[in-house]
Every structure is written in structure tokens, then in C-alpha cells.
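Containing TSV, C-alpha atoms and all ligand atoms: model.tsv.
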chain	number	residue	atom	x	y	z
A	1	MET	CA	-28.54	36.42	-24.62
A	2	GLY	CA	-28.42	32.62	-24.74
A	3	GLU	CA	-31.18	30.20	-23.78
A	4	LYS	CA	-31.71	29.47	-20.09
A	5	LYS	CA	-31.14	25.89	-19.08
A	6	LYS	CA	-31.64	24.03	-15.81
A	7	LYS	CA	-28.50	22.69	-14.22
A	8	THR	CA	-28.15	20.55	-11.11
A	9	ILE	CA	-25.65	22.02	-8.69
A	10	LYS	CA	-24.19	19.52	-6.25
A	11	SER	CA	-22.54	20.53	-3.02
A	12	ILE	CA	-21.50	18.71	0.12
A	13	LYS	CA	-22.51	20.08	3.47
A	14	ILE	CA	-19.82	19.49	6.08
A	15	ASP	CA	-20.67	19.21	9.76
A	16	VAL	CA	-17.29	19.45	11.50
A	17	ASP	CA	-18.85	18.57	14.87
A	18	LYS	CA	-19.76	15.11	13.52
A	19	CYS	CA	-16.36	14.33	11.99
A	20	ASN	CA	-14.20	12.08	14.19
A	21	GLY	CA	-11.14	12.11	11.92
A	22	CYS	CA	-11.46	8.47	10.78
A	23	ARG	CA	-10.25	9.48	7.26
A	24	ALA	CA	-12.44	6.90	5.51
A	25	CYS	CA	-13.36	9.69	3.08
A	26	GLU	CA	-9.70	10.18	2.08
A	27	LEU	CA	-9.17	6.45	1.60
A	28	VAL	CA	-12.23	5.78	-0.54
A	29	CYS	CA	-11.60	8.90	-2.64
A	30	SER	CA	-8.02	7.91	-3.41
A	31	ALA	CA	-9.07	4.30	-4.18
A	32	PHE	CA	-11.87	5.43	-6.52
A	33	HIS	CA	-9.46	7.68	-8.44
A	34	ALA	CA	-6.63	5.16	-8.61
A	35	ALA	CA	-5.76	3.75	-12.03
A	36	PRO	CA	-7.07	1.09	-12.40
A	37	LYS	CA	-9.96	1.97	-10.08
A	38	TYR	CA	-9.63	0.59	-6.52
A	39	SER	CA	-6.17	-0.84	-7.27
A	40	SER	CA	-4.56	1.18	-4.46
A	41	ASN	CA	-5.33	3.72	-1.79
A	42	ASN	CA	-3.12	6.58	-0.77
A	43	PRO	CA	-4.66	9.56	1.04
A	44	ALA	CA	-2.06	11.83	-0.61
A	45	ARG	CA	-4.00	11.24	-3.83
A	46	ALA	CA	-7.40	12.05	-2.31
A	47	ARG	CA	-9.47	15.04	-3.35
A	48	ILE	CA	-10.51	15.57	0.22
A	49	ARG	CA	-8.27	15.91	3.24
A	50	VAL	CA	-9.05	16.06	6.89
A	51	ILE	CA	-7.18	18.66	8.90
A	52	SER	CA	-6.68	17.14	12.32
A	53	GLU	CA	-5.97	18.39	15.78
A	54	PRO	CA	-6.58	15.18	17.76
A	55	LEU	CA	-5.69	16.58	21.19
A	56	LYS	CA	-8.41	19.18	20.80
A	57	ASP	CA	-10.79	16.79	19.01
A	58	ILE	CA	-10.92	19.10	15.98
A	59	TYR	CA	-11.29	17.59	12.49
A	60	VAL	CA	-12.07	19.68	9.44
A	61	PRO	CA	-12.63	17.97	6.07
A	62	VAL	CA	-11.61	20.20	3.13
A	63	TYR	CA	-12.45	19.45	-0.52
A	64	ALA	CA	-10.05	20.10	-3.38
A	65	GLY	CA	-11.25	23.06	-5.41
A	66	GLU	CA	-9.92	24.90	-8.44
A	67	TYR	CA	-6.32	24.95	-9.60
A	68	THR	CA	-4.70	28.36	-9.33
A	69	ALA	CA	-1.63	29.28	-11.38
A	70	ALA	CA	-0.38	31.96	-8.97
A	71	GLU	CA	-0.50	32.07	-5.19
A	72	CYS	CA	-2.88	34.68	-3.77
A	73	SER	CA	-1.66	37.80	-2.01
A	74	GLY	CA	-4.47	38.13	0.56
A	75	ARG	CA	-4.73	35.29	3.05
A	76	ASP	CA	-6.71	34.49	6.17
A	77	LYS	CA	-5.62	33.39	9.61
A	78	TYR	CA	-7.91	31.23	11.68
A	79	THR	CA	-7.87	30.68	15.42
A	80	ILE	CA	-10.02	27.76	16.50
A	81	ASP	CA	-10.32	26.77	20.13
A	82	GLY	CA	-7.18	28.78	20.93
A	83	LYS	CA	-4.99	27.27	18.23
A	84	GLU	CA	-3.83	29.45	15.38
A	85	TYR	CA	-3.80	27.71	12.00
A	86	ASP	CA	-1.49	28.26	9.09
A	87	GLU	CA	-2.90	30.91	6.76
A	88	CYS	CA	-3.34	28.40	3.92
A	89	ALA	CA	-4.66	25.61	6.19
A	90	PHE	CA	-8.27	25.49	5.00
A	91	CYS	CA	-7.76	26.62	1.44
A	92	ARG	CA	-9.29	24.39	-1.27
A	93	ALA	CA	-6.98	25.42	-4.09
A	94	SER	CA	-4.24	23.41	-5.71
A	95	CYS	CA	-1.65	26.18	-5.68
A	96	PRO	CA	2.06	26.65	-6.49
A	97	SER	CA	2.87	27.64	-2.91
A	98	ARG	CA	2.17	24.23	-1.34
A	99	ASP	CA	1.95	20.48	-1.94
A	100	GLU	CA	-1.68	19.86	-0.99
A	101	PHE	CA	-4.08	18.63	-3.64
A	102	LYS	CA	-1.38	17.60	-6.05
A	103	GLU	CA	-0.91	14.14	-7.44
A	104	PRO	CA	2.27	13.03	-5.58
A	105	ASP	CA	4.04	11.45	-8.58
A	106	SER	CA	3.18	13.82	-11.41
A	107	GLY	CA	2.41	17.03	-9.47
A	108	LEU	CA	-0.84	17.41	-11.43
A	109	PRO	CA	-3.55	19.34	-9.61
A	110	LEU	CA	-6.34	17.34	-7.99
A	111	LYS	CA	-9.92	18.57	-7.90
A	112	CYS	CA	-13.06	17.00	-6.46
A	113	ASP	CA	-15.24	15.79	-9.34
A	114	MET	CA	-18.10	14.62	-7.12
A	115	CYS	CA	-17.16	11.05	-8.11
A	116	GLU	CA	-18.37	11.50	-11.65
A	117	GLY	CA	-20.48	8.57	-12.82
A	118	GLU	CA	-21.41	7.44	-9.31
A	119	GLU	CA	-24.92	7.86	-7.97
A	120	GLU	CA	-23.64	9.36	-4.74
A	121	PRO	CA	-20.19	10.80	-3.90
A	122	LEU	CA	-18.25	7.99	-2.24
A	123	CYS	CA	-16.94	10.11	0.62
A	124	VAL	CA	-20.55	10.92	1.54
A	125	LYS	CA	-21.51	7.22	1.32
A	126	TRP	CA	-18.57	6.10	3.44
A	127	CYS	CA	-18.81	8.75	6.11
A	128	LEU	CA	-20.61	6.69	8.72
A	129	ASN	CA	-20.92	9.70	11.03
A	130	ASP	CA	-22.97	11.72	8.52
A	131	ALA	CA	-20.47	14.55	8.69
A	132	LEU	CA	-20.76	14.83	4.90
A	133	VAL	CA	-24.18	15.27	3.33
A	134	LEU	CA	-24.91	15.71	-0.36
A	135	GLU	CA	-27.13	18.62	-1.32
A	136	GLU	CA	-28.53	19.17	-4.80
A	137	ARG	CA	-30.35	22.18	-6.21
A	138	GLU	CA	-31.48	23.29	-9.63
A	139	GLU	CA	-30.22	26.56	-11.04
A	140	GLU	CA	-30.94	28.33	-14.30
A	141	VAL	CA	-27.80	29.00	-16.30
A	142	GLU	CA	-27.15	30.54	-19.72
A	143	GLU	CA	-26.70	27.64	-22.14
A	144	GLU	CA	-23.80	29.46	-23.89
A	145	GLU	CA	-21.99	30.10	-20.59
A	146	GLU	CA	-22.21	26.43	-19.63
A	147	GLN	CA	-21.04	25.34	-23.05
A	148	GLU	CA	-18.08	27.77	-22.92
A	149	GLN	CA	-17.03	26.41	-19.52
A	150	GLU	CA	-17.26	22.81	-20.77
A	151	GLU	CA	-15.28	23.67	-23.89
A	152	LEU	CA	-12.61	25.40	-21.79
A	153	GLU	CA	-12.27	22.34	-19.56
A	154	ILE	CA	-12.12	19.94	-22.51
A	155	GLY	CA	-9.63	22.29	-24.23
A	156	LEU	CA	-7.34	22.41	-21.21
A	157	GLU	CA	-7.51	18.64	-20.77
A	158	SER	CA	-6.50	17.93	-24.38
A	159	LEU	CA	-3.74	20.59	-24.24
A	160	ALA	CA	-2.43	18.94	-21.08
A	161	LYS	CA	-2.46	15.54	-22.79
A	162	LYS	CA	-0.59	16.93	-25.78
A	163	HIS	CA	2.02	19.15	-24.11
A	164	GLY	CA	2.14	17.86	-20.55
A	165	MET	CA	0.47	19.56	-17.58
A	166	GLN	CA	3.65	21.25	-16.35
A	167	LYS	CA	4.00	23.26	-19.55
A	168	ILE	CA	0.38	24.38	-19.38
A	169	MET	CA	0.79	25.36	-15.73
A	170	ASP	CA	3.97	27.33	-16.50
A	171	ALA	CA	2.22	29.14	-19.37
A	172	LEU	CA	-0.75	29.99	-17.14
A	173	ALA	CA	1.62	31.27	-14.43
A	174	ARG	CA	3.37	33.52	-16.95
A	175	MET	CA	0.04	34.83	-18.25
A	176	SER	CA	-1.28	35.63	-14.78
A	177	LYS	CA	1.92	37.59	-13.95
A	178	LYS	CA	1.34	39.83	-16.97
A	179	ASP	CA	-2.08	41.01	-15.65
A	201	LIG	S1	-15.30	9.82	6.76
A	201	LIG	FE1	-16.54	11.36	7.82
A	201	LIG	S2	-16.00	11.18	9.99
A	201	LIG	FE2	-14.40	10.13	8.81
A	201	LIG	S3	-12.82	11.74	8.50
A	201	LIG	FE3	-14.13	11.77	6.70
A	201	LIG	S4	-15.67	13.34	7.18
A	201	LIG	FE4	-14.70	12.78	9.09
A	202	LIG	S1	-16.98	13.63	-3.88
A	202	LIG	FE1	-15.71	11.95	-4.72
A	202	LIG	S2	-14.05	13.06	-5.72
A	202	LIG	FE2	-14.95	14.50	-4.32
A	202	LIG	S3	-13.79	14.26	-2.42
A	202	LIG	FE3	-15.58	12.93	-2.25
A	202	LIG	S4	-14.85	10.92	-2.91
A	202	LIG	FE4	-13.37	12.46	-3.64
Please rewrite the model in this file as C-alpha cells.
Amino acid sequence: MGEKKKKTIKSIKIDVDKCNGCRACELVCSAFHAAPKYSSNNPARARIRVISEPLKDIYVPVYAGEYTAAECSGRDKYTIDGKEYDECAFCRASCPSRDEFKEPDSGLPLKCDMCEGEEEPLCVKWCLNDALVLEEREEEVEEEEEQEQEELEIGLESLAKKHGMQKIMDALARMSKKD
């Protein structure tokens, strides 16, 4: 068993009743992640997207989560205020079955990184309606586990740089089909 270590877990609490669909969160997220930083803004590049149903005054911000190499076989259907939503509507994954949370030019998956390096996530800062609120808690994790995860992420990143993301994604897709 490895040593226990304290880790700060960040999450963003979303209050859909406070969101008015202004999409400031999408804009600032895409600007922050533009290269160079703040050189452009394009909500298609944001790691958050707001699902909107203006006639019913429904707005649901969804954060980009993990990349998945294969689409899932069990899906959920939501009915909100009488409207039925597409079964993938609120999913956080960057997935082969749809275009959401993919960099529009390269097709690379997008994932929320909590605005790494910033004191506060920018979408939280720019949401003037307080629909997004940062929460932080401390958790004890196995040091080895954390290190393995970090190494895996660094490993994938350098593989992607060397061979191109598409090749890595294809290889992952093939591997997941063999299971
Ligand atoms: S900035 Fe806040 S109110 Fe505006 S769309 Fe995003 S979550 Fe909703
Ligand atoms: S926390 Fe940062 S990276 Fe994540 S969605 Fe908000 S602005 Fe984008």
C-alpha cells in the first residue's frame, strides 16, 4: 500500500435555475484556451457548453469530461418540462458518435482543465448570475495511484505529440473493441 496524500478536488456546482443562457462562460473559456491566449473566441472550442431551450427558459451548462474511445451502449433519455432531449444531450464525454467537445479544426478531444494556472476557473468568475460556483474539498489519495494517473496523462500527451492524436484515438478504439 502506498502513502496517503492529501489532494484538493475541485468541482463546479451548477444551478440551472440561475443560468440565463448568456454564454459568457463559453466565450471566456474558448478565449482562455486559444493559442495565443485570448487571441480569439469561438464557443465551438469551449470546454463548457450551454444547452438552450429559450422558449421554455431552460439553460443547462455542461462541462467537457473524459474522452471515450468507443460510444457507450446504454444511454439515458431526459424529459424536462415536457420536452424530450436527445439521449446524448447532457453527456460530458468527447465521444466518436458526435461532434461536441472536439476541437473544430483538429478534432482533438476537449476537456475542462479547471483553467489550470488560474486562481479561479474563468467561467465561474465570468458567470455574473452565480450559476457556477467553485467547490473545493480535500481527499486522501494513495500517492502511487495519483502518480500513475499523472504518468498516464503525460504519457498519452507525449504519444499524441509524437504520432498525432488521431492515431492514438484509433488505437484506443481498436483496443476497446477487443475487450
Ligand atoms: S455565464 Fe452563467 S448565466 Fe451565462 S450561460 Fe454561462 S452559466 Fe449560464
Ligand atoms: S473551468 Fe476553465 S476550462 Fe473548465 S469550462 Fe470553465 S473556463 Fe473552461
Could the residues of chain A that have an atom at most 6 Å from ligand LIG 202 (chain A) be listed as JSON lines, each with its closest atom pair and the distance in Å to one decimal, counting only C-alpha atoms and all ligand atoms and ordered by chain and ascending residue number?
{"residue": "A:Cys29", "atom": "CA", "partner": "A:LIG202", "partner_atom": "S4", "distance": 3.8}
{"residue": "A:Arg47", "atom": "CA", "partner": "A:LIG202", "partner_atom": "S3", "distance": 4.5}
{"residue": "A:Ile48", "atom": "CA", "partner": "A:LIG202", "partner_atom": "S3", "distance": 4.4}
{"residue": "A:Tyr63", "atom": "CA", "partner": "A:LIG202", "partner_atom": "S3", "distance": 5.7}
{"residue": "A:Cys112", "atom": "CA", "partner": "A:LIG202", "partner_atom": "FE2", "distance": 3.8}
{"residue": "A:Asp113", "atom": "CA", "partner": "A:LIG202", "partner_atom": "S2", "distance": 4.7}
{"residue": "A:Met114", "atom": "CA", "partner": "A:LIG202", "partner_atom": "S1", "distance": 3.6}
{"residue": "A:Cys115", "atom": "CA", "partner": "A:LIG202", "partner_atom": "FE1", "distance": 3.8}
{"residue": "A:Pro121", "atom": "CA", "partner": "A:LIG202", "partner_atom": "S1", "distance": 4.3}
{"residue": "A:Leu122", "atom": "CA", "partner": "A:LIG202", "partner_atom": "S4", "distance": 4.5}
{"residue": "A:Cys123", "atom": "CA", "partner": "A:LIG202", "partner_atom": "S4", "distance": 4.2}
May I have the selected residues written with C-alpha atoms, as a PDB file, in the coordinates of the input?
ATOM      1  CA  CYS A  29     -11.600   8.900  -2.640  1.00  0.00           C
ATOM      2  CA  ARG A  47      -9.470  15.040  -3.350  1.00  0.00           C
ATOM      3  CA  ILE A  48     -10.510  15.570   0.220  1.00  0.00           C
ATOM      4  CA  TYR A  63     -12.450  19.450  -0.520  1.00  0.00           C
ATOM      5  CA  CYS A 112     -13.060  17.000  -6.460  1.00  0.00           C
ATOM      6  CA  ASP A 113     -15.240  15.790  -9.340  1.00  0.00           C
ATOM      7  CA  MET A 114     -18.100  14.620  -7.120  1.00  0.00           C
ATOM      8  CA  CYS A 115     -17.160  11.050  -8.110  1.00  0.00           C
ATOM      9  CA  PRO A 121     -20.190  10.800  -3.900  1.00  0.00           C
ATOM     10  CA  LEU A 122     -18.250   7.990  -2.240  1.00  0.00           C
ATOM     11  CA  CYS A 123     -16.940  10.110   0.620  1.00  0.00           C
TER      12      CYS A 123
END
Neighbourhood of ligand LIG 201 (chain A) at 9 Å, counting all atoms listed in the file, reported as a compact mmCIF listing (two decimals) with C-alpha atoms, in the frame of the given file:
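New file pocket_24.txt:
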# COMPACT_ATOMS: atom_id res chain seq x y z
CA ILE A 14 -19.82 19.49 6.08
CA ASP A 15 -20.67 19.21 9.76
CA VAL A 16 -17.29 19.45 11.50
CA LYS A 18 -19.76 15.11 13.52
CA CYS A 19 -16.36 14.33 11.99
CA ASN A 20 -14.20 12.08 14.19
CA GLY A 21 -11.14 12.11 11.92
CA CYS A 22 -11.46 8.47 10.78
CA ARG A 23 -10.25 9.48 7.26
CA ALA A 24 -12.44 6.90 5.51
CA CYS A 25 -13.36 9.69 3.08
CA GLU A 26 -9.70 10.18 2.08
CA LEU A 27 -9.17 6.45 1.60
CA VAL A 28 -12.23 5.78 -0.54
CA ILE A 48 -10.51 15.57 0.22
CA ARG A 49 -8.27 15.91 3.24
CA VAL A 50 -9.05 16.06 6.89
CA ILE A 51 -7.18 18.66 8.90
CA TYR A 59 -11.29 17.59 12.49
CA VAL A 60 -12.07 19.68 9.44
CA PRO A 61 -12.63 17.97 6.07
CA VAL A 62 -11.61 20.20 3.13
CA CYS A 123 -16.94 10.11 0.62
CA VAL A 124 -20.55 10.92 1.54
CA LYS A 125 -21.51 7.22 1.32
CA TRP A 126 -18.57 6.10 3.44
CA CYS A 127 -18.81 8.75 6.11
CA LEU A 128 -20.61 6.69 8.72
CA ASN A 129 -20.92 9.70 11.03
CA ASP A 130 -22.97 11.72 8.52
CA ALA A 131 -20.47 14.55 8.69
CA LEU A 132 -20.76 14.83 4.90
Q.
From the options A:Leu108, A:Glu66, A:Gly82, A:Glu3, which residue's atoms come nearest to Glu143 (chain A), counting only C-alpha atoms?
A. A:Glu3
Q: Choose the residue, out of A:Ser106, A:Glu139, A:Lys56, A:Leu134, that has the smallest atom-to-atom separation from Glu119 (chain A); count only C-alpha atoms.
A: A:Leu134
Q) Which distance in Å separates CA of Asp76 (chain A) and CA of Cys88 (chain A), to one decimal? A) 7.3 Å
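Straight-line separation from CA of Pro96 (chain A) to CA of Lys37 (chain A): 27.7 Å.
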